[in-house]
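**Student:** Contents of run06.cif (mmCIF, C-alpha atoms) are below:
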data_structure
loop_
_atom_site.label_atom_id
_atom_site.label_comp_id
_atom_site.auth_asym_id
_atom_site.auth_seq_id
_atom_site.Cartn_x
_atom_site.Cartn_y
_atom_site.Cartn_z
CA MET A 1 -63.79 -27.17 43.76
CA ARG A 2 -63.13 -29.28 46.81
CA GLU A 3 -64.10 -32.89 46.53
CA LYS A 4 -66.42 -34.43 49.09
CA PRO A 5 -66.02 -38.00 50.28
CA ALA A 6 -67.75 -40.51 48.04
CA PRO A 7 -70.45 -42.72 49.50
CA THR A 8 -69.38 -46.27 50.24
CA PHE A 9 -71.01 -48.83 47.97
CA SER A 10 -71.29 -52.58 48.28
CA PRO A 11 -69.14 -54.64 45.91
CA ALA A 12 -70.33 -55.61 42.46
CA ALA A 13 -71.50 -58.96 43.82
CA LEU A 14 -74.29 -57.18 45.72
CA VAL A 15 -77.61 -58.95 45.19
CA VAL A 16 -80.41 -56.62 44.12
CA ALA A 17 -83.83 -57.60 45.40
CA PRO A 18 -86.19 -58.87 42.69
CA SER A 19 -88.28 -55.97 41.41
CA ALA A 20 -90.06 -57.37 38.36
CA SER A 21 -93.34 -55.84 39.55
CA ILE A 22 -91.94 -52.32 39.08
CA GLY A 23 -93.08 -50.51 35.96
CA LEU A 24 -89.89 -49.14 34.42
CA ARG A 25 -89.58 -46.79 31.46
CA ILE A 26 -86.36 -45.69 29.79
CA LEU A 27 -86.17 -42.38 27.95
CA SER A 28 -83.36 -42.59 25.41
CA ASP A 29 -81.75 -40.07 23.08
CA GLY A 30 -80.73 -42.97 20.85
CA LEU A 31 -77.02 -42.91 21.70
CA ALA A 32 -75.68 -46.39 22.35
CA GLY A 33 -73.54 -45.34 25.33
CA HIS A 34 -76.48 -43.73 27.10
CA GLU A 35 -78.77 -46.68 26.44
CA ALA A 36 -76.11 -49.07 27.77
CA GLN A 37 -76.21 -47.28 31.13
CA THR A 38 -79.98 -47.37 31.55
CA LEU A 39 -80.40 -50.87 30.13
CA GLY A 40 -77.63 -52.12 32.41
CA VAL A 41 -79.49 -50.83 35.46
CA ALA A 42 -82.77 -52.33 34.21
CA GLN A 43 -80.97 -55.65 33.83
CA ALA A 44 -79.60 -55.40 37.39
CA LEU A 45 -83.11 -54.60 38.67
CA GLY A 46 -84.48 -57.69 36.95
CA VAL A 47 -87.01 -55.60 35.02
CA VAL A 48 -87.91 -55.62 31.33
CA PRO A 49 -88.10 -51.88 30.57
CA ASP A 50 -90.38 -49.93 28.25
CA LEU A 51 -87.72 -48.26 26.06
CA ARG A 52 -88.87 -45.08 24.36
CA ARG A 53 -86.65 -42.81 22.27
CA VAL A 54 -87.07 -39.05 22.10
CA ASN A 55 -86.42 -37.41 18.77
CA PRO A 56 -86.78 -33.64 19.08
CA ARG A 57 -86.31 -31.51 15.99
CA LYS A 58 -83.19 -29.34 15.84
CA PRO A 59 -84.53 -26.16 17.51
CA PHE A 60 -85.85 -28.11 20.48
CA ALA A 61 -82.76 -30.34 20.71
CA ALA A 62 -80.54 -27.25 20.76
CA LEU A 63 -82.50 -25.75 23.66
CA ALA A 64 -82.21 -28.88 25.82
CA PRO A 65 -82.11 -29.24 28.77
CA PHE A 66 -83.61 -25.80 29.46
CA GLY A 67 -86.21 -25.58 26.71
CA PRO A 68 -89.51 -27.38 26.11
CA ILE A 69 -90.14 -30.74 24.51
CA ASP A 70 -90.86 -30.95 20.80
CA PRO A 71 -94.66 -30.35 20.58
CA ARG A 72 -95.05 -33.21 18.12
CA GLU A 73 -93.99 -35.59 20.96
CA SER A 74 -96.52 -34.17 23.40
CA PRO A 75 -98.26 -36.73 25.66
CA ARG A 76 -101.49 -35.74 23.92
CA HIS A 77 -100.22 -37.37 20.71
CA ALA A 78 -100.33 -41.10 20.03
CA GLY A 79 -96.93 -42.75 20.38
CA SER A 80 -95.54 -40.03 22.66
CA PRO A 81 -92.45 -41.15 24.60
CA ILE A 82 -93.96 -39.54 27.71
CA GLY A 83 -97.58 -40.57 27.42
CA PRO A 84 -99.57 -42.74 29.85
CA PRO A 85 -99.86 -45.25 31.37
CA TRP A 86 -97.41 -43.89 33.90
CA PRO A 87 -94.50 -46.07 35.00
CA ASP A 88 -93.30 -46.32 38.58
CA ILE A 89 -89.74 -45.32 37.68
CA VAL A 90 -88.29 -43.64 34.62
CA LEU A 91 -84.58 -43.71 33.77
CA ALA A 92 -83.06 -41.18 31.37
CA ALA A 93 -79.61 -40.33 30.00
CA GLY A 94 -78.53 -37.62 27.59
CA ARG A 95 -79.33 -33.92 27.77
CA ARG A 96 -82.04 -34.14 25.08
CA THR A 97 -84.08 -36.37 27.40
CA LEU A 98 -84.17 -33.85 30.25
CA PRO A 99 -87.10 -31.69 29.03
CA TYR A 100 -89.09 -34.91 28.53
CA LEU A 101 -88.18 -36.18 31.99
CA ARG A 102 -89.39 -32.90 33.49
CA ARG A 103 -92.63 -32.94 31.48
CA LEU A 104 -93.36 -36.59 32.33
CA LYS A 105 -92.96 -35.79 36.02
CA ARG A 106 -95.48 -32.97 35.72
CA GLU A 107 -97.99 -34.87 33.55
CA SER A 108 -98.04 -37.80 35.99
CA GLY A 109 -98.94 -35.52 38.89
CA ARG A 110 -95.41 -36.04 40.23
CA LYS A 111 -96.19 -39.71 40.89
CA VAL A 112 -93.33 -41.06 38.76
CA PHE A 113 -89.89 -41.46 40.36
CA THR A 114 -87.35 -39.94 37.96
CA VAL A 115 -83.67 -40.92 37.65
CA TYR A 116 -81.11 -39.17 35.45
CA PHE A 117 -77.69 -40.57 34.57
CA ASN A 118 -74.64 -38.26 34.36
CA ALA A 119 -74.39 -34.72 35.72
CA PRO A 120 -77.26 -32.63 34.29
CA ALA A 121 -76.48 -29.11 33.12
CA ASN A 122 -79.63 -27.88 34.84
CA GLY A 123 -78.50 -29.07 38.27
CA ARG A 124 -79.61 -31.48 40.96
CA ARG A 125 -83.31 -30.60 40.64
CA ALA A 126 -83.41 -32.20 37.19
CA ALA A 127 -84.63 -35.50 38.68
CA ASP A 128 -85.57 -37.15 41.95
CA LEU A 129 -82.25 -39.02 41.83
CA ILE A 130 -79.07 -38.23 39.90
CA VAL A 131 -76.52 -40.95 39.12
CA ALA A 132 -73.34 -38.99 38.33
CA PRO A 133 -69.94 -40.71 38.29
CA LEU A 134 -67.57 -39.52 41.00
CA HIS A 135 -65.32 -37.69 38.54
CA ASP A 136 -68.23 -35.42 37.53
CA GLY A 137 -67.89 -33.69 40.90
CA LEU A 138 -71.62 -33.38 41.58
CA PHE A 139 -72.66 -34.06 45.18
CA GLY A 140 -75.89 -33.80 47.12
CA ARG A 141 -78.59 -35.63 49.04
CA ASN A 142 -80.18 -36.90 45.82
CA VAL A 143 -76.93 -37.77 44.04
CA VAL A 144 -75.36 -41.23 43.75
CA THR A 145 -71.64 -41.07 42.87
CA PRO A 146 -70.31 -44.42 41.59
CA LEU A 147 -66.75 -44.80 40.40
CA THR A 148 -67.78 -46.11 36.98
CA PRO A 149 -70.96 -45.52 34.95
CA PRO A 150 -73.45 -48.40 34.86
CA ASN A 151 -73.23 -50.87 31.99
CA ARG A 152 -74.50 -54.22 30.71
CA VAL A 153 -71.20 -56.07 31.26
CA SER A 154 -72.40 -58.22 34.15
CA ALA A 155 -70.50 -61.21 35.49
CA GLU A 156 -73.27 -63.47 34.18
CA ALA A 157 -73.13 -61.97 30.69
CA LEU A 158 -69.35 -62.31 30.58
CA ALA A 159 -69.52 -65.93 31.70
CA ALA A 160 -72.09 -66.74 29.01
CA ALA A 161 -69.95 -65.06 26.34
CA ARG A 162 -66.95 -67.11 27.44
CA ARG A 163 -68.93 -70.36 27.28
CA ALA A 164 -70.24 -69.55 23.81
CA PRO A 165 -68.05 -66.91 22.14
CA ASP A 166 -69.04 -65.19 18.94
CA PRO A 167 -67.79 -67.42 16.07
CA ARG A 168 -65.65 -64.58 14.70
CA VAL A 169 -63.97 -64.25 18.10
CA ALA A 170 -63.66 -68.01 18.61
CA ALA A 171 -61.86 -68.28 15.25
CA LEU A 172 -58.96 -66.20 16.60
CA PRO A 173 -56.24 -68.24 18.36
CA GLU A 174 -55.58 -67.51 22.02
CA PRO A 175 -54.33 -65.36 23.63
CA ARG A 176 -56.57 -62.60 22.30
CA ALA A 177 -56.33 -58.83 22.73
CA ALA A 178 -59.16 -56.35 22.21
CA ILE A 179 -58.78 -52.74 21.04
CA LEU A 180 -61.71 -50.46 21.92
CA ILE A 181 -61.61 -47.25 19.87
CA GLY A 182 -63.60 -44.16 20.81
CA GLY A 183 -63.41 -40.87 18.96
CA ASP A 184 -63.55 -37.11 18.98
CA ASN A 185 -65.38 -35.27 21.75
CA ARG A 186 -65.01 -31.90 23.46
CA HIS A 187 -61.87 -33.02 25.31
CA PHE A 188 -60.00 -35.21 22.82
CA ARG A 189 -59.25 -35.09 19.09
CA PHE A 190 -57.84 -37.96 17.07
CA ARG A 191 -55.27 -36.53 14.65
CA PRO A 192 -53.22 -38.40 12.02
CA PRO A 193 -50.40 -39.09 14.56
CA ASP A 194 -53.00 -40.73 16.83
CA ALA A 195 -54.26 -42.84 13.94
CA LEU A 196 -50.72 -44.04 13.25
CA ALA A 197 -50.23 -44.74 16.98
CA MET A 198 -53.40 -46.85 17.09
CA ALA A 199 -52.20 -48.85 14.09
CA ASP A 200 -48.85 -49.35 15.84
CA ILE A 201 -50.69 -50.67 18.91
CA ALA A 202 -52.40 -53.30 16.77
CA ARG A 203 -49.05 -54.33 15.24
CA SER A 204 -47.33 -54.37 18.64
CA LEU A 205 -49.97 -56.62 20.20
CA SER A 206 -49.67 -59.01 17.28
CA ALA A 207 -45.88 -59.00 17.49
CA GLN A 208 -46.17 -59.93 21.18
CA GLY A 209 -48.17 -63.03 20.33
CA TYR A 210 -51.79 -61.84 20.58
CA SER A 211 -54.63 -62.33 18.14
CA VAL A 212 -56.06 -58.83 17.81
CA MET A 213 -59.74 -57.91 17.54
CA ALA A 214 -60.91 -54.30 17.37
CA THR A 215 -64.12 -52.32 17.41
CA ASP A 216 -64.82 -48.62 16.87
CA SER A 217 -67.62 -46.24 17.87
CA ARG A 218 -69.88 -43.79 16.09
CA ARG A 219 -67.38 -41.03 16.98
CA THR A 220 -64.30 -42.74 15.50
CA PRO A 221 -62.80 -40.65 12.66
CA ALA A 222 -62.41 -42.48 9.36
CA VAL A 223 -58.63 -41.91 9.35
CA VAL A 224 -58.31 -43.83 12.64
CA LYS A 225 -60.51 -46.69 11.54
CA GLU A 226 -58.66 -47.03 8.23
CA ALA A 227 -55.24 -46.98 9.91
CA VAL A 228 -56.19 -49.68 12.42
CA GLU A 229 -57.77 -51.82 9.71
CA ALA A 230 -54.56 -51.55 7.67
CA GLY A 231 -52.47 -52.54 10.68
CA LEU A 232 -54.70 -55.53 11.38
CA ARG A 233 -54.62 -56.73 7.78
CA GLU A 234 -50.83 -56.93 7.96
CA ASP A 235 -51.04 -59.32 10.93
CA ALA A 236 -54.27 -61.18 10.17
CA GLY A 237 -56.21 -59.37 12.90
CA TRP A 238 -59.89 -58.54 12.75
CA MET A 239 -62.00 -55.39 13.12
CA TRP A 240 -65.77 -55.50 13.32
CA ASP A 241 -67.24 -53.97 10.17
CA GLY A 242 -70.69 -53.33 11.58
CA GLU A 243 -72.18 -56.38 9.90
CA GLY A 244 -74.04 -59.06 11.81
CA GLU A 245 -74.52 -59.24 15.56
CA ASN A 246 -72.38 -56.86 17.59
CA PRO A 247 -69.49 -58.94 19.02
CA TYR A 248 -68.50 -56.29 21.60
CA LEU A 249 -69.40 -58.31 24.72
CA SER A 250 -67.73 -61.42 23.29
CA MET A 251 -64.59 -59.40 22.61
CA LEU A 252 -64.51 -58.14 26.19
CA ALA A 253 -65.18 -61.56 27.68
CA ASN A 254 -62.54 -63.39 25.64
CA ALA A 255 -59.70 -60.85 25.65
CA ARG A 256 -56.63 -61.62 27.73
CA VAL A 257 -55.72 -57.90 27.60
CA ILE A 258 -57.67 -54.82 26.51
CA VAL A 259 -56.52 -51.48 25.07
CA ALA A 260 -59.11 -48.67 25.33
CA THR A 261 -58.90 -45.04 24.31
CA ALA A 262 -59.09 -42.46 27.08
CA ASP A 263 -61.88 -40.37 25.55
CA SER A 264 -64.65 -42.78 26.57
CA VAL A 265 -65.35 -43.12 30.29
CA GLY A 266 -68.02 -45.71 29.56
CA MET A 267 -65.78 -47.85 27.37
CA VAL A 268 -63.03 -47.91 29.98
CA GLY A 269 -65.63 -48.72 32.65
CA GLU A 270 -66.87 -51.68 30.62
CA ALA A 271 -63.30 -52.90 30.11
CA VAL A 272 -62.47 -52.91 33.84
CA ALA A 273 -65.66 -54.90 34.52
CA THR A 274 -63.87 -57.90 32.96
CA GLY A 275 -60.92 -58.12 35.36
CA ALA A 276 -58.52 -58.25 32.40
CA PRO A 277 -55.53 -55.86 32.34
CA VAL A 278 -56.64 -52.62 30.66
CA PHE A 279 -54.18 -50.33 28.90
CA VAL A 280 -55.28 -46.78 28.11
CA PHE A 281 -54.19 -44.81 25.05
CA ALA A 282 -54.80 -41.06 25.23
CA PRO A 283 -55.17 -39.15 21.95
CA ILE A 284 -54.42 -35.43 21.67
CA GLY A 285 -56.19 -33.36 24.32
CA GLY A 286 -57.27 -34.17 27.83
CA SER A 287 -59.60 -33.41 30.71
CA ARG A 288 -58.97 -33.02 34.42
CA LYS A 289 -62.10 -35.02 35.21
CA ILE A 290 -61.16 -37.92 32.96
CA ALA A 291 -57.59 -37.82 34.26
CA ASP A 292 -58.98 -38.12 37.81
CA TYR A 293 -61.17 -41.04 36.75
CA LEU A 294 -58.27 -42.91 35.16
CA ALA A 295 -56.01 -42.16 38.13
CA ARG A 296 -58.55 -43.74 40.52
CA LEU A 297 -58.75 -46.85 38.37
CA GLU A 298 -54.97 -47.00 38.16
CA ARG A 299 -54.68 -46.81 41.96
CA LEU A 300 -57.08 -49.76 42.15
CA GLY A 301 -54.78 -51.71 39.84
CA ALA A 302 -57.23 -51.91 36.94
CA VAL A 303 -55.61 -49.72 34.26
CA ARG A 304 -52.18 -48.60 33.14
CA PRO A 305 -51.09 -46.24 30.36
CA TRP A 306 -50.10 -47.97 27.13
CA ARG A 307 -46.30 -47.84 26.83
CA GLY A 308 -45.78 -50.38 24.08
CA THR A 309 -45.29 -53.57 26.08
CA VAL A 310 -47.98 -55.92 27.36
CA GLU A 311 -47.85 -56.57 31.10
CA SER A 312 -49.93 -59.05 33.05
CA TRP A 313 -51.57 -58.40 36.41
CA ARG A 314 -54.73 -59.28 38.33
CA TYR A 315 -57.43 -57.22 40.05
CA GLU A 316 -61.01 -57.70 41.15
CA PRO A 317 -63.44 -56.69 38.35
CA ILE A 318 -64.90 -53.23 38.90
CA ASN A 319 -68.57 -52.70 38.09
CA SER A 320 -70.85 -50.22 39.86
CA THR A 321 -74.07 -51.28 38.13
CA GLU A 322 -75.59 -53.47 40.85
CA SER A 323 -74.82 -51.00 43.63
CA ILE A 324 -76.41 -48.25 41.52
CA ALA A 325 -79.53 -50.39 41.04
CA ALA A 326 -79.69 -51.01 44.80
CA SER A 327 -79.38 -47.26 45.47
CA ILE A 328 -82.22 -46.55 43.04
CA LEU A 329 -84.46 -49.11 44.76
CA LYS A 330 -83.69 -47.64 48.17
CA ALA A 331 -84.43 -44.09 47.00
CA TYR A 332 -87.63 -45.26 45.31
CA GLU A 333 -88.81 -46.89 48.55
CA THR A 334 -88.22 -43.59 50.35
CA PHE A 335 -90.12 -41.75 47.59
CA ARG A 336 -93.06 -44.14 48.00
CA GLY A 337 -92.97 -43.74 51.79
CA LEU A 338 -91.97 -47.38 52.34
CA THR A 339 -88.88 -46.30 54.31
CA PRO A 340 -88.51 -43.10 56.35
CA PRO A 341 -86.66 -40.24 54.65
CA LEU A 342 -83.49 -38.72 56.03
CA PRO A 343 -83.95 -35.56 58.10
CA PRO A 344 -83.65 -32.35 56.04
CA LEU A 345 -80.27 -30.67 55.82
CA PRO A 346 -79.75 -27.12 57.05
CA ALA A 347 -80.28 -24.61 54.26
CA ASP A 348 -76.66 -23.47 54.34
CA GLU A 349 -75.43 -27.03 53.75
CA GLU A 350 -77.71 -27.42 50.74
CA ASP A 351 -76.38 -24.13 49.38
CA GLU A 352 -72.84 -25.38 49.91
CA ASP A 353 -73.56 -28.41 47.72
CA ASP A 354 -74.64 -26.16 44.86
CA ASP A 355 -71.61 -23.90 45.26
CA ASP A 356 -69.24 -26.86 45.14
CA TYR A 357 -70.52 -28.09 41.80
CA GLU A 358 -68.76 -26.78 38.74
CA ASP A 359 -70.85 -27.24 35.60
CA ASP A 360 -68.38 -28.30 32.92
CA ASP A 361 -70.84 -28.52 30.03
CA CYS A 362 -72.07 -31.81 31.46
CA ASP A 363 -74.10 -33.71 28.89
CA GLY A 364 -72.75 -37.19 29.48
CA GLU A 365 -70.84 -37.37 26.20
CA ASP A 366 -67.67 -38.64 27.90
CA ASN A 367 -69.64 -41.45 29.54
CA GLU A 368 -70.62 -43.04 26.25
#
Output the file's structure as structure tokens, nothing else.

**Tutor:**
Amino acid sequence: MREKPAPTFSPAALVVAPSASIGLRILSDGLAGHEAQTLGVAQALGVVPDLRRVNPRKPFAALAPFGPIDPRESPRHAGSPIGPPWPDIVLAAGRRTLPYLRRLKRESGRKVFTVYFNAPANGRRAADLIVAPLHDGLFGRNVVTPLTPPNRVSAEALAAARRAPDPRVAALPEPRAAILIGGDNRHFRFRPPDALAMADIARSLSAQGYSVMATDSRRTPAVVKEAVEAGLREDAGWMWDGEGENPYLSMLANARVIVATADSVGMVGEAVATGAPVFVFAPIGGSRKIADYLARLERLGAVRPWRGTVESWRYEPINSTESIAASILKAYETFRGLTPPLPPLPADEEDEDDDDYEDDDCDGEDNE
């Protein structure tokens, strides 16, 4: 596949026009990483969204995105995630939301502007606008290709978390280091050697003078979590146990350095939004797309592979969320006829876009 030039976006400081009058619905599959993307964009738009979770039973979930919705969540039933009143814009992430996005579009008489995050397995016609990170390799007239997925780690949120850190974070002496642990997916597998390596990272950071705080994800294998917890106990570090308010944003905001695992595109994207040096640890496995993503961030001076020694450097925080929100607003204005559309492309150029896209089982899992 040959890569096409990425669109040029404004920097993260781009001001998005107030859009509180827009009716915004989010269709969620319940995964935290997917919700973080859509909620981050809603935050950048200045809109309080109507968040609705889809919960298809196993046969219908397995058929997504090509099959129908679960009939028990039909818009004819009370409490349906796709029932009226119709929003102006609907945001969705996760392959299980795609049949619902398609059905909502049809039920509304095609009046709702639909936006899907990550590269959909059913192609560019899955929504009016697709927001697919550059490394996904999906290009087209209705595709926005940011470097990083959207998130909720805005400059304002980071500043607030630095002014008033979570008490558990504030209790750790400075300088602080954060370890962000992902888990198994179709590209990476955490084996016992990886668990031992993660524990060694915690010990190494402590030995180099850092107070260490760590957090895991729903995909983190128990052997990894237990190894890191053991390493932190030896050096009086701290790992969030899932109790109380999630301190994730406070960890990011108050870390002098961050170590993130390579399996999670979203987690790395949130880390580089801070401007702190980010070290990447890669467990067993790999992916060309994720390698390309990390290489781009490394060329921008945001990340480096973990090699055992903490280094210090500076770079401008990287966050695509506000430029994504601005692109959605612009596309919505065109959809509503408020701005003139671009002239149609020749048919052969549209065909070329489809030929260039390689579907690599895209369901957005890596972007969590």

**Student:** Show me, as a VMD selection string, the residues that have an atom within 9 Å of Gly209 of chain A when counting all atoms listed in the file, minus same-chain residues fewer than 4 positions from it.

**Tutor:** chain A and resid 174 to 176 204 to 205

**Student:** Could the residues in this selection be saved with C-alpha atoms as a compact mmCIF listing (two decimals), keeping the file's coordinate frame?

**Tutor:**
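Saved file out.txt follows:
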# COMPACT_ATOMS: atom_id res chain seq x y z
CA GLU A 174 -55.58 -67.51 22.02
CA PRO A 175 -54.33 -65.36 23.63
CA ARG A 176 -56.57 -62.60 22.30
CA SER A 204 -47.33 -54.37 18.64
CA LEU A 205 -49.97 -56.62 20.20

**Student:** Take the point (-90.0, -47.8, 24.8) as written in the file and pick out every residue within 12 Å of it, counting only C-alpha atoms; give the list as JSON, numbers by chain.

**Tutor:** {"A": [23, 24, 25, 26, 27, 28, 29, 30, 35, 39, 48, 49, 50, 51, 52, 53, 54, 79, 80, 81, 82, 83, 84, 87, 90, 91, 92]}

**Student:** By how many Å are atom CA of Ala32 of chain A and atom CA of Val153 of chain A apart?

**Tutor:**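 Taking atom CA of Ala32 of chain A as the start and atom CA of Val153 of chain A as the end point, the length is 13.9 Å.
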
**Student:** I need the residue nearest Glu322 of chain A from this list: A:Val143, A:Ala302, A:Leu45, A:Arg288. Use all atoms listed in the file for the distance.

**Tutor:**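 Among the listed residues, A:Leu45 lies closest to Glu322 of chain A.
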
**Student:** So what do you get for atom CA of Pro221 of chain A versus atom CA of Leu158 of chain A, distance-wise?

**Tutor:** 28.9 Å

**Student:** Find the residues near segment 65-68 of chain A: any atom within 10 Å, counting only C-alpha atoms, skip ones fewer than 6 places away on the same chain, and give them as a VMD selection string.

**Tutor:** chain A and resid 56 59 94 to 103 120 to 122 126 363

**Student:** If you take all atoms listed in the file and a cut-off of 9 Å, which residues of segment 90-189 of chain A touch segment 332-337 of chain A, and what are their nearest atom pairs and distances in Å to one decimal, in chain and number order, as CSV?

**Tutor:**
residue,atom,partner,partner_atom,distance
A:Lys111,CA,A:Arg336,CA,8.9
A:Phe113,CA,A:Tyr332,CA,6.6
A:Asp128,CA,A:Phe335,CA,8.6
A:Leu129,CA,A:Tyr332,CA,8.9

**Student:** How many Å lie between atom CA of Ala236 of chain A and atom CA of Gly33 of chain A, rounded to one decimal?

**Tutor:**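 Answer for the atom CA of Ala236 of chain A to atom CA of Gly33 of chain A separation: 29.2 Å.
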
**Student:** Could you list the residues chosen by the PyMOL selection byres ((chain A and resi 44) around 7) in this structure as a PyMOL selection string?

**Tutor:** chain A and resi 16+40-43+45-46+321-322+325

**Student:** Output as JSON lines one row per residue of segment 103-189 of chain A within 12 Å of segment 246-266 of chain A: the closest atom pair and its distance in Å to one decimal place, counting only C-alpha atoms, sorted by chain and residue number ascending.

**Tutor:**
{"residue": "A:Asn118", "atom": "CA", "partner": "A:Gly266", "partner_atom": "CA", "distance": 11.1}
{"residue": "A:Pro133", "atom": "CA", "partner": "A:Val265", "partner_atom": "CA", "distance": 9.5}
{"residue": "A:Leu134", "atom": "CA", "partner": "A:Val265", "partner_atom": "CA", "distance": 11.5}
{"residue": "A:His135", "atom": "CA", "partner": "A:Val265", "partner_atom": "CA", "distance": 9.9}
{"residue": "A:Asp136", "atom": "CA", "partner": "A:Val265", "partner_atom": "CA", "distance": 11.0}
{"residue": "A:Leu147", "atom": "CA", "partner": "A:Val265", "partner_atom": "CA", "distance": 10.3}
{"residue": "A:Thr148", "atom": "CA", "partner": "A:Gly266", "partner_atom": "CA", "distance": 7.4}
{"residue": "A:Pro149", "atom": "CA", "partner": "A:Gly266", "partner_atom": "CA", "distance": 6.1}
{"residue": "A:Pro150", "atom": "CA", "partner": "A:Gly266", "partner_atom": "CA", "distance": 8.1}
{"residue": "A:Asn151", "atom": "CA", "partner": "A:Gly266", "partner_atom": "CA", "distance": 7.7}
{"residue": "A:Arg152", "atom": "CA", "partner": "A:Leu249", "partner_atom": "CA", "distance": 8.9}
{"residue": "A:Val153", "atom": "CA", "partner": "A:Leu249", "partner_atom": "CA", "distance": 7.1}
{"residue": "A:Ser154", "atom": "CA", "partner": "A:Leu249", "partner_atom": "CA", "distance": 9.9}
{"residue": "A:Ala155", "atom": "CA", "partner": "A:Ala253", "partner_atom": "CA", "distance": 9.5}
{"residue": "A:Glu156", "atom": "CA", "partner": "A:Ala253", "partner_atom": "CA", "distance": 10.6}
{"residue": "A:Ala157", "atom": "CA", "partner": "A:Leu249", "partner_atom": "CA", "distance": 7.9}
{"residue": "A:Leu158", "atom": "CA", "partner": "A:Ala253", "partner_atom": "CA", "distance": 5.1}
{"residue": "A:Ala159", "atom": "CA", "partner": "A:Ala253", "partner_atom": "CA", "distance": 7.4}
{"residue": "A:Ala160", "atom": "CA", "partner": "A:Ala253", "partner_atom": "CA", "distance": 8.7}
{"residue": "A:Ala161", "atom": "CA", "partner": "A:Ser250", "partner_atom": "CA", "distance": 5.2}
{"residue": "A:Arg162", "atom": "CA", "partner": "A:Ala253", "partner_atom": "CA", "distance": 5.8}
{"residue": "A:Arg163", "atom": "CA", "partner": "A:Ala253", "partner_atom": "CA", "distance": 9.6}
{"residue": "A:Ala164", "atom": "CA", "partner": "A:Ser250", "partner_atom": "CA", "distance": 8.5}
{"residue": "A:Pro165", "atom": "CA", "partner": "A:Ser250", "partner_atom": "CA", "distance": 5.6}
{"residue": "A:Asp166", "atom": "CA", "partner": "A:Ser250", "partner_atom": "CA", "distance": 5.9}
{"residue": "A:Pro167", "atom": "CA", "partner": "A:Pro247", "partner_atom": "CA", "distance": 9.1}
{"residue": "A:Arg168", "atom": "CA", "partner": "A:Pro247", "partner_atom": "CA", "distance": 8.1}
{"residue": "A:Val169", "atom": "CA", "partner": "A:Met251", "partner_atom": "CA", "distance": 6.7}
{"residue": "A:Ala170", "atom": "CA", "partner": "A:Asn254", "partner_atom": "CA", "distance": 8.5}
{"residue": "A:Ala171", "atom": "CA", "partner": "A:Asn254", "partner_atom": "CA", "distance": 11.5}
{"residue": "A:Leu172", "atom": "CA", "partner": "A:Asn254", "partner_atom": "CA", "distance": 10.1}
{"residue": "A:Pro173", "atom": "CA", "partner": "A:Asn254", "partner_atom": "CA", "distance": 10.8}
{"residue": "A:Glu174", "atom": "CA", "partner": "A:Arg256", "partner_atom": "CA", "distance": 8.3}
{"residue": "A:Pro175", "atom": "CA", "partner": "A:Arg256", "partner_atom": "CA", "distance": 6.0}
{"residue": "A:Arg176", "atom": "CA", "partner": "A:Ala255", "partner_atom": "CA", "distance": 4.9}
{"residue": "A:Ala177", "atom": "CA", "partner": "A:Ala255", "partner_atom": "CA", "distance": 4.9}
{"residue": "A:Ala178", "atom": "CA", "partner": "A:Ile258", "partner_atom": "CA", "distance": 4.8}
{"residue": "A:Ile179", "atom": "CA", "partner": "A:Val259", "partner_atom": "CA", "distance": 4.8}
{"residue": "A:Leu180", "atom": "CA", "partner": "A:Ala260", "partner_atom": "CA", "distance": 4.6}
{"residue": "A:Ile181", "atom": "CA", "partner": "A:Thr261", "partner_atom": "CA", "distance": 5.7}
{"residue": "A:Gly182", "atom": "CA", "partner": "A:Thr261", "partner_atom": "CA", "distance": 5.9}
{"residue": "A:Gly183", "atom": "CA", "partner": "A:Asp263", "partner_atom": "CA", "distance": 6.8}
{"residue": "A:Asp184", "atom": "CA", "partner": "A:Asp263", "partner_atom": "CA", "distance": 7.5}
{"residue": "A:Asn185", "atom": "CA", "partner": "A:Asp263", "partner_atom": "CA", "distance": 7.3}
{"residue": "A:Arg186", "atom": "CA", "partner": "A:Asp263", "partner_atom": "CA", "distance": 9.3}
{"residue": "A:His187", "atom": "CA", "partner": "A:Asp263", "partner_atom": "CA", "distance": 7.4}
{"residue": "A:Phe188", "atom": "CA", "partner": "A:Asp263", "partner_atom": "CA", "distance": 6.1}
{"residue": "A:Arg189", "atom": "CA", "partner": "A:Asp263", "partner_atom": "CA", "distance": 8.7}

**Student:** When the PyMOL selection byres ((chain A and resi 278) around 9) is applied to the structure above, which residues does it catch, written out as an mmCIF file with C-alpha atoms, in the frame of the given file?

**Tutor:**
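Saved as out_18.cif:
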data_model
loop_
_atom_site.group_PDB
_atom_site.id
_atom_site.type_symbol
_atom_site.label_atom_id
_atom_site.label_comp_id
_atom_site.auth_asym_id
_atom_site.auth_seq_id
_atom_site.Cartn_x
_atom_site.Cartn_y
_atom_site.Cartn_z
ATOM 1 C CA VAL A 257 -55.720 -57.900 27.600
ATOM 2 C CA ILE A 258 -57.670 -54.820 26.510
ATOM 3 C CA VAL A 259 -56.520 -51.480 25.070
ATOM 4 C CA ALA A 260 -59.110 -48.670 25.330
ATOM 5 C CA VAL A 268 -63.030 -47.910 29.980
ATOM 6 C CA ALA A 271 -63.300 -52.900 30.110
ATOM 7 C CA VAL A 272 -62.470 -52.910 33.840
ATOM 8 C CA GLY A 275 -60.920 -58.120 35.360
ATOM 9 C CA ALA A 276 -58.520 -58.250 32.400
ATOM 10 C CA PRO A 277 -55.530 -55.860 32.340
ATOM 11 C CA PHE A 279 -54.180 -50.330 28.900
ATOM 12 C CA VAL A 280 -55.280 -46.780 28.110
ATOM 13 C CA ALA A 302 -57.230 -51.910 36.940
ATOM 14 C CA VAL A 303 -55.610 -49.720 34.260
ATOM 15 C CA ARG A 304 -52.180 -48.600 33.140
ATOM 16 C CA PRO A 305 -51.090 -46.240 30.360
ATOM 17 C CA TRP A 306 -50.100 -47.970 27.130
#
